[in-house]
Every structure is written in C-alpha cells, then in structure tokens.
$ cat input38.cif   # mmCIF, N, CA and C atoms
data_model
loop_
_atom_site.label_atom_id
_atom_site.label_comp_id
_atom_site.auth_asym_id
_atom_site.auth_seq_id
_atom_site.Cartn_x
_atom_site.Cartn_y
_atom_site.Cartn_z
N MET A 285 0.86 -1.17 0.00
CA MET A 285 0.00 0.00 0.00
C MET A 285 0.90 1.23 0.00
N THR A 286 0.60 2.19 -0.78
CA THR A 286 1.42 3.40 -0.83
C THR A 286 0.93 4.41 0.20
N ALA A 287 1.87 5.11 0.75
CA ALA A 287 1.55 6.13 1.75
C ALA A 287 1.51 7.48 1.06
N GLU A 288 0.46 8.23 1.33
CA GLU A 288 0.35 9.57 0.77
C GLU A 288 0.28 10.56 1.92
N THR A 289 1.20 11.49 1.94
CA THR A 289 1.14 12.56 2.91
C THR A 289 1.23 13.86 2.17
N GLU A 290 0.67 14.87 2.75
CA GLU A 290 0.67 16.18 2.13
C GLU A 290 1.35 17.13 3.09
N THR A 291 2.40 17.80 2.63
CA THR A 291 3.11 18.74 3.47
C THR A 291 2.67 20.15 3.11
N LYS A 292 2.22 20.88 4.10
CA LYS A 292 1.84 22.27 3.91
C LYS A 292 3.08 23.12 4.16
N THR A 293 3.44 23.95 3.19
CA THR A 293 4.66 24.74 3.36
C THR A 293 4.44 26.24 3.40
N GLU A 294 3.26 26.69 3.00
CA GLU A 294 3.01 28.12 3.10
C GLU A 294 1.53 28.38 3.32
N ALA A 295 1.24 29.49 3.93
CA ALA A 295 -0.15 29.86 4.19
C ALA A 295 -0.84 30.21 2.89
N THR A 296 -2.13 29.97 2.83
CA THR A 296 -2.92 30.28 1.66
C THR A 296 -3.47 31.70 1.80
N ALA A 297 -3.34 32.48 0.78
CA ALA A 297 -3.85 33.84 0.81
C ALA A 297 -5.37 33.81 0.73
N THR A 298 -6.01 34.68 1.49
CA THR A 298 -7.47 34.74 1.49
C THR A 298 -7.92 36.17 1.31
N GLY A 299 -7.75 36.73 0.17
CA GLY A 299 -8.17 38.10 -0.07
C GLY A 299 -7.39 38.65 -1.24
N SER A 300 -7.22 39.96 -1.21
CA SER A 300 -6.50 40.58 -2.31
C SER A 300 -5.02 40.27 -2.19
N CYS A 301 -4.30 40.62 -3.24
CA CYS A 301 -2.87 40.36 -3.27
C CYS A 301 -2.14 41.02 -2.11
N CYS A 302 -2.51 42.22 -1.78
CA CYS A 302 -1.84 42.92 -0.68
C CYS A 302 -2.85 43.26 0.41
N SER A 303 -2.50 42.90 1.61
CA SER A 303 -3.38 43.19 2.75
C SER A 303 -3.13 44.61 3.25
N PRO A 304 -3.99 45.12 4.12
CA PRO A 304 -3.78 46.47 4.66
C PRO A 304 -2.43 46.64 5.36
N SER A 305 -1.87 45.52 5.86
CA SER A 305 -0.58 45.61 6.56
C SER A 305 0.59 45.64 5.59
N GLY A 306 0.30 45.48 4.27
CA GLY A 306 1.36 45.49 3.27
C GLY A 306 1.90 44.11 2.97
N SER A 307 1.40 43.12 3.65
CA SER A 307 1.84 41.75 3.42
C SER A 307 1.14 41.19 2.19
N CYS A 308 1.80 40.30 1.47
CA CYS A 308 1.20 39.67 0.30
C CYS A 308 0.36 38.46 0.67
N HIS A 309 0.41 38.02 1.91
CA HIS A 309 -0.36 36.87 2.36
C HIS A 309 -1.10 37.20 3.64
N ASP A 310 -2.30 36.68 3.74
CA ASP A 310 -3.11 36.86 4.94
C ASP A 310 -2.68 35.81 5.95
N THR A 311 -2.07 36.21 7.05
CA THR A 311 -1.56 35.26 8.03
C THR A 311 -2.64 34.65 8.89
N SER A 312 -3.90 35.03 8.71
CA SER A 312 -4.98 34.44 9.48
C SER A 312 -5.55 33.20 8.81
N ALA A 313 -4.93 32.72 7.74
CA ALA A 313 -5.42 31.54 7.04
C ALA A 313 -5.36 30.32 7.96
N GLU A 314 -6.21 29.33 7.69
CA GLU A 314 -6.33 28.14 8.51
C GLU A 314 -5.22 27.12 8.29
N VAL A 315 -4.37 27.29 7.30
CA VAL A 315 -3.32 26.32 7.00
C VAL A 315 -2.21 26.43 8.03
N GLN A 316 -1.76 25.28 8.52
CA GLN A 316 -0.67 25.26 9.48
C GLN A 316 0.64 25.12 8.72
N VAL A 317 1.54 26.07 8.88
CA VAL A 317 2.80 26.05 8.18
C VAL A 317 3.64 24.89 8.70
N GLY A 318 4.17 24.08 7.78
CA GLY A 318 5.02 22.96 8.16
C GLY A 318 4.26 21.73 8.62
N ALA A 319 2.93 21.75 8.59
CA ALA A 319 2.14 20.62 9.07
C ALA A 319 2.11 19.51 8.03
N VAL A 320 1.98 18.27 8.52
CA VAL A 320 1.87 17.09 7.67
C VAL A 320 0.49 16.50 7.89
N THR A 321 -0.26 16.29 6.80
CA THR A 321 -1.58 15.68 6.88
C THR A 321 -1.50 14.26 6.33
N THR A 322 -1.95 13.29 7.12
CA THR A 322 -1.94 11.89 6.71
C THR A 322 -3.33 11.31 6.93
N VAL A 323 -3.81 10.53 5.98
CA VAL A 323 -5.12 9.90 6.09
C VAL A 323 -4.92 8.40 6.27
N TYR A 324 -5.55 7.85 7.31
CA TYR A 324 -5.46 6.43 7.63
C TYR A 324 -6.82 5.78 7.43
N GLN A 325 -6.82 4.49 7.12
CA GLN A 325 -8.04 3.70 7.03
C GLN A 325 -8.11 2.83 8.29
N VAL A 326 -9.22 2.94 9.00
CA VAL A 326 -9.42 2.19 10.25
C VAL A 326 -10.70 1.37 10.11
N SER A 327 -10.63 0.10 10.47
CA SER A 327 -11.83 -0.73 10.39
C SER A 327 -12.47 -0.89 11.76
N GLY A 328 -13.79 -1.03 11.75
CA GLY A 328 -14.53 -1.30 12.98
C GLY A 328 -15.29 -0.12 13.55
N MET A 329 -15.03 1.09 13.05
CA MET A 329 -15.76 2.25 13.58
C MET A 329 -17.18 2.26 13.00
N THR A 330 -18.18 2.45 13.88
CA THR A 330 -19.56 2.44 13.42
C THR A 330 -20.38 3.65 13.88
N CYS A 331 -19.83 4.47 14.80
CA CYS A 331 -20.63 5.56 15.34
C CYS A 331 -19.74 6.69 15.87
N GLY A 332 -20.38 7.70 16.39
CA GLY A 332 -19.67 8.85 16.95
C GLY A 332 -18.79 8.48 18.13
N HIS A 333 -19.24 7.52 18.93
CA HIS A 333 -18.41 7.07 20.06
C HIS A 333 -17.10 6.47 19.54
N CYS A 334 -17.21 5.67 18.48
CA CYS A 334 -16.02 5.07 17.86
C CYS A 334 -15.06 6.15 17.37
N GLU A 335 -15.62 7.15 16.70
CA GLU A 335 -14.81 8.25 16.19
C GLU A 335 -14.06 8.94 17.33
N GLY A 336 -14.76 9.19 18.43
CA GLY A 336 -14.15 9.86 19.57
C GLY A 336 -13.06 9.02 20.22
N ALA A 337 -13.28 7.72 20.30
CA ALA A 337 -12.29 6.83 20.91
C ALA A 337 -11.00 6.81 20.09
N VAL A 338 -11.14 6.67 18.78
CA VAL A 338 -9.97 6.64 17.90
C VAL A 338 -9.26 7.99 17.91
N ALA A 339 -10.02 9.08 17.75
CA ALA A 339 -9.42 10.42 17.74
C ALA A 339 -8.73 10.72 19.06
N GLY A 340 -9.33 10.31 20.16
CA GLY A 340 -8.75 10.56 21.47
C GLY A 340 -7.41 9.87 21.66
N GLU A 341 -7.32 8.62 21.24
CA GLU A 341 -6.06 7.89 21.37
C GLU A 341 -4.98 8.44 20.46
N ILE A 342 -5.33 8.74 19.21
CA ILE A 342 -4.33 9.27 18.27
C ILE A 342 -3.87 10.66 18.71
N SER A 343 -4.76 11.44 19.31
CA SER A 343 -4.41 12.78 19.79
C SER A 343 -3.31 12.75 20.85
N GLU A 344 -3.15 11.61 21.51
CA GLU A 344 -2.13 11.48 22.56
C GLU A 344 -0.72 11.32 22.00
N ILE A 345 -0.60 11.03 20.72
CA ILE A 345 0.73 10.85 20.12
C ILE A 345 1.42 12.21 20.05
N PRO A 346 2.66 12.30 20.55
CA PRO A 346 3.38 13.58 20.50
C PRO A 346 3.48 14.11 19.07
N GLY A 347 3.22 15.40 18.92
CA GLY A 347 3.31 16.06 17.62
C GLY A 347 1.99 16.16 16.88
N VAL A 348 0.97 15.42 17.33
CA VAL A 348 -0.34 15.47 16.66
C VAL A 348 -1.04 16.76 17.06
N THR A 349 -1.51 17.50 16.06
CA THR A 349 -2.19 18.77 16.34
C THR A 349 -3.69 18.71 16.05
N SER A 350 -4.13 17.72 15.25
CA SER A 350 -5.53 17.63 14.89
C SER A 350 -5.85 16.22 14.42
N VAL A 351 -7.04 15.72 14.81
CA VAL A 351 -7.49 14.40 14.35
C VAL A 351 -8.98 14.50 14.01
N LYS A 352 -9.36 13.95 12.86
CA LYS A 352 -10.78 13.87 12.50
C LYS A 352 -11.05 12.45 12.01
N ALA A 353 -11.90 11.73 12.75
CA ALA A 353 -12.28 10.37 12.39
C ALA A 353 -13.71 10.39 11.85
N VAL A 354 -13.96 9.64 10.77
CA VAL A 354 -15.28 9.56 10.17
C VAL A 354 -15.67 8.08 10.09
N ALA A 355 -16.61 7.67 10.92
CA ALA A 355 -17.01 6.26 10.99
C ALA A 355 -17.56 5.74 9.68
N SER A 356 -18.35 6.54 8.96
CA SER A 356 -19.00 6.07 7.74
C SER A 356 -18.01 5.68 6.64
N THR A 357 -16.83 6.30 6.63
CA THR A 357 -15.82 5.98 5.62
C THR A 357 -14.66 5.18 6.20
N GLY A 358 -14.53 5.21 7.53
CA GLY A 358 -13.40 4.55 8.18
C GLY A 358 -12.11 5.34 8.07
N ARG A 359 -12.21 6.56 7.58
CA ARG A 359 -11.01 7.37 7.39
C ARG A 359 -10.74 8.26 8.60
N VAL A 360 -9.46 8.35 8.92
CA VAL A 360 -9.01 9.20 10.02
C VAL A 360 -7.93 10.12 9.46
N THR A 361 -8.20 11.42 9.51
CA THR A 361 -7.25 12.42 9.00
C THR A 361 -6.50 13.00 10.19
N VAL A 362 -5.17 12.90 10.11
CA VAL A 362 -4.32 13.35 11.22
C VAL A 362 -3.39 14.45 10.71
N VAL A 363 -3.36 15.55 11.42
CA VAL A 363 -2.41 16.63 11.14
C VAL A 363 -1.38 16.61 12.26
N SER A 364 -0.11 16.62 11.87
CA SER A 364 0.97 16.55 12.85
C SER A 364 2.12 17.47 12.45
N ASP A 365 2.99 17.73 13.40
CA ASP A 365 4.14 18.60 13.15
C ASP A 365 5.14 17.95 12.19
N ALA A 366 5.20 16.62 12.20
CA ALA A 366 6.14 15.87 11.37
C ALA A 366 5.48 14.53 11.05
N PRO A 367 5.99 13.79 10.06
CA PRO A 367 5.41 12.48 9.77
C PRO A 367 5.42 11.59 11.03
N LEU A 368 4.35 10.84 11.23
CA LEU A 368 4.23 9.98 12.40
C LEU A 368 4.73 8.57 12.10
N ASP A 369 5.22 7.91 13.13
CA ASP A 369 5.59 6.51 13.04
C ASP A 369 4.30 5.71 12.95
N VAL A 370 4.14 4.94 11.87
CA VAL A 370 2.90 4.21 11.66
C VAL A 370 2.63 3.22 12.79
N GLU A 371 3.67 2.71 13.42
CA GLU A 371 3.47 1.77 14.54
C GLU A 371 2.90 2.48 15.76
N ALA A 372 3.22 3.75 15.95
CA ALA A 372 2.62 4.53 17.04
C ALA A 372 1.13 4.74 16.78
N VAL A 373 0.79 5.01 15.52
CA VAL A 373 -0.62 5.19 15.14
C VAL A 373 -1.35 3.86 15.31
N ARG A 374 -0.73 2.77 14.85
CA ARG A 374 -1.33 1.44 14.98
C ARG A 374 -1.61 1.11 16.45
N ALA A 375 -0.64 1.40 17.32
CA ALA A 375 -0.80 1.13 18.75
C ALA A 375 -1.95 1.95 19.35
N ALA A 376 -2.07 3.20 18.92
CA ALA A 376 -3.14 4.07 19.42
C ALA A 376 -4.50 3.55 18.97
N VAL A 377 -4.61 3.15 17.71
CA VAL A 377 -5.86 2.63 17.17
C VAL A 377 -6.21 1.31 17.87
N ASP A 378 -5.22 0.46 18.09
CA ASP A 378 -5.44 -0.80 18.81
C ASP A 378 -5.93 -0.53 20.23
N GLU A 379 -5.34 0.45 20.88
CA GLU A 379 -5.74 0.81 22.25
C GLU A 379 -7.19 1.25 22.30
N ALA A 380 -7.64 1.89 21.23
CA ALA A 380 -9.04 2.32 21.16
C ALA A 380 -9.98 1.16 20.85
N GLY A 381 -9.42 0.04 20.42
CA GLY A 381 -10.23 -1.14 20.15
C GLY A 381 -10.58 -1.35 18.69
N TYR A 382 -9.81 -0.75 17.78
CA TYR A 382 -10.08 -0.85 16.35
C TYR A 382 -8.83 -1.30 15.64
N GLU A 383 -8.91 -1.46 14.32
CA GLU A 383 -7.78 -1.96 13.55
C GLU A 383 -7.35 -0.96 12.49
N LEU A 384 -6.06 -0.64 12.50
CA LEU A 384 -5.50 0.22 11.46
C LEU A 384 -5.26 -0.64 10.23
N VAL A 385 -5.93 -0.32 9.14
CA VAL A 385 -5.78 -1.05 7.88
C VAL A 385 -4.54 -0.56 7.15
N GLY A 386 -4.31 0.75 7.19
CA GLY A 386 -3.14 1.34 6.53
C GLY A 386 -3.39 2.79 6.20
N GLN A 387 -2.50 3.33 5.40
CA GLN A 387 -2.63 4.72 4.97
C GLN A 387 -3.37 4.74 3.64
N VAL A 388 -4.13 5.81 3.44
CA VAL A 388 -4.89 5.97 2.20
C VAL A 388 -4.06 6.73 1.20
#

$ encode --input "input38.cif" --output "structure tokens"
Amino acid sequence: MTAETETKTEATATGSCCSPSGSCHDTSAEVQVGAVTTVYQVSGMTCGHCEGAVAGEISEIPGVTSVKAVASTGRVTVVSDAPLDVEAVRAAVDEAGYELVGQV
C-alpha cells in the first residue's frame, strides 16, 4: 500500500494580493505552516463514540495537532508537526479497540 502525505509549506492567501498591513499573504489563514496531513483507514468504527475513541487515542501521540475520524468511511485524518511513526498510530488505534488497515 502506498503512503500519501501532504506537506503544507506556506499559508494560503485569502483576499487581495496585498493586505492592509502590506503583506502579500493573509496570516490568518487556517493552513498550518510545516504541518503534515496523513489519512489512515481504520476498520470497525460504526458511530460517533467510535470516532471519539480513535481520535482521542491518536491525539495522545506527540506532535499530533488535529485528528478527524469519520465512521462512515473509516477514514481518520491526522495533522501533525512531522510524519508519524505508523506503529505509534497502529498502537493508538489498537488501544481504542479498532484496527489500522493502513494509509490511504
């Protein structure tokens, strides 16, 4: 299975080319500079409780800044400061009582 990660390297501009402060980029954009987004496939999630359990465990991994689990698709999107060790993610998902299938 191939691993796909997306590295964010610059903020996205949200407005005109030049802001009132003279900057060419709006620093209030939602993009985290230097963040890595990875999507995992997890089996066994069926409801909101499942989503919370998986997200809660993965959130404990050092460097994780955001987790969104969706039971209907089995996908878990994780934003972190740097690429995560897949075995750490697997252990967190196992601790929550589910199975990490792999990266999407």

$ atom_distance --input "input38.cif" --atom1 "atom CA of Leu384 of chain A" --atom2 "atom CA of Ser350 of chain A"
17.7 Å

$ residues_around --input "input38.cif" --residues "Gly328 of chain A" --least-positions-apart "3" --cutoff "7 Å" --atoms "only N, CA and C atoms" --output "list of chain:residue names"
A:Cys331, A:Cys334, A:Gly358, A:Gly381, A:Tyr382, A:Glu383

$ resolve_selection --input "input38.cif" --expression "the PyMOL selection byres (((chain A and resi 362-369 and name CA) around 7) and name CA)" --output "mmCIF file with N, CA and C atoms, keeping the file's coordinate frame"
data_model
loop_
_atom_site.group_PDB
_atom_site.id
_atom_site.type_symbol
_atom_site.label_atom_id
_atom_site.label_comp_id
_atom_site.auth_asym_id
_atom_site.auth_seq_id
_atom_site.Cartn_x
_atom_site.Cartn_y
_atom_site.Cartn_z
ATOM 1 N N GLY A 318 4.170 24.080 7.780
ATOM 2 C CA GLY A 318 5.020 22.960 8.160
ATOM 3 C C GLY A 318 4.260 21.730 8.620
ATOM 4 N N ALA A 319 2.930 21.750 8.590
ATOM 5 C CA ALA A 319 2.140 20.620 9.070
ATOM 6 C C ALA A 319 2.110 19.510 8.030
ATOM 7 N N VAL A 320 1.980 18.270 8.520
ATOM 8 C CA VAL A 320 1.870 17.090 7.670
ATOM 9 C C VAL A 320 0.490 16.500 7.890
ATOM 10 N N THR A 321 -0.260 16.290 6.800
ATOM 11 C CA THR A 321 -1.580 15.680 6.880
ATOM 12 C C THR A 321 -1.500 14.260 6.330
ATOM 13 N N THR A 322 -1.950 13.290 7.120
ATOM 14 C CA THR A 322 -1.940 11.890 6.710
ATOM 15 C C THR A 322 -3.330 11.310 6.930
ATOM 16 N N VAL A 323 -3.810 10.530 5.980
ATOM 17 C CA VAL A 323 -5.120 9.900 6.090
ATOM 18 C C VAL A 323 -4.920 8.400 6.270
ATOM 19 N N GLY A 347 3.220 15.400 18.920
ATOM 20 C CA GLY A 347 3.310 16.060 17.620
ATOM 21 C C GLY A 347 1.990 16.160 16.880
ATOM 22 N N VAL A 348 0.970 15.420 17.330
ATOM 23 C CA VAL A 348 -0.340 15.470 16.660
ATOM 24 C C VAL A 348 -1.040 16.760 17.060
ATOM 25 N N THR A 349 -1.510 17.500 16.060
ATOM 26 C CA THR A 349 -2.190 18.770 16.340
ATOM 27 C C THR A 349 -3.690 18.710 16.050
ATOM 28 N N SER A 350 -4.130 17.720 15.250
ATOM 29 C CA SER A 350 -5.530 17.630 14.890
ATOM 30 C C SER A 350 -5.850 16.220 14.420
ATOM 31 N N VAL A 351 -7.040 15.720 14.810
ATOM 32 C CA VAL A 351 -7.490 14.400 14.350
ATOM 33 C C VAL A 351 -8.980 14.500 14.010
ATOM 34 N N LYS A 352 -9.360 13.950 12.860
ATOM 35 C CA LYS A 352 -10.780 13.870 12.500
ATOM 36 C C LYS A 352 -11.050 12.450 12.010
ATOM 37 N N VAL A 360 -9.460 8.350 8.920
ATOM 38 C CA VAL A 360 -9.010 9.200 10.020
ATOM 39 C C VAL A 360 -7.930 10.120 9.460
ATOM 40 N N THR A 361 -8.200 11.420 9.510
ATOM 41 C CA THR A 361 -7.250 12.420 9.000
ATOM 42 C C THR A 361 -6.500 13.000 10.190
ATOM 43 N N VAL A 370 4.140 4.940 11.870
ATOM 44 C CA VAL A 370 2.900 4.210 11.660
ATOM 45 C C VAL A 370 2.630 3.220 12.790
ATOM 46 N N GLU A 371 3.670 2.710 13.420
ATOM 47 C CA GLU A 371 3.470 1.770 14.540
ATOM 48 C C GLU A 371 2.900 2.480 15.760
ATOM 49 N N ALA A 372 3.220 3.750 15.950
ATOM 50 C CA ALA A 372 2.620 4.530 17.040
ATOM 51 C C ALA A 372 1.130 4.740 16.780
ATOM 52 N N VAL A 373 0.790 5.010 15.520
ATOM 53 C CA VAL A 373 -0.620 5.190 15.140
ATOM 54 C C VAL A 373 -1.350 3.860 15.310
#

$ resolve_selection --input "input38.cif" --expression "the PyMOL selection byres ((chain A and resi 386) around 6)" --output "list of chain:residue names"
A:Val323, A:Tyr324, A:Gln325, A:Val326, A:Leu384, A:Val385, A:Gln387, A:Val388

$ atom_distance --input "input38.cif" --atom1 "atom CA of Ala376 of chain A" --atom2 "atom CA of Thr330 of chain A"
17.6 Å
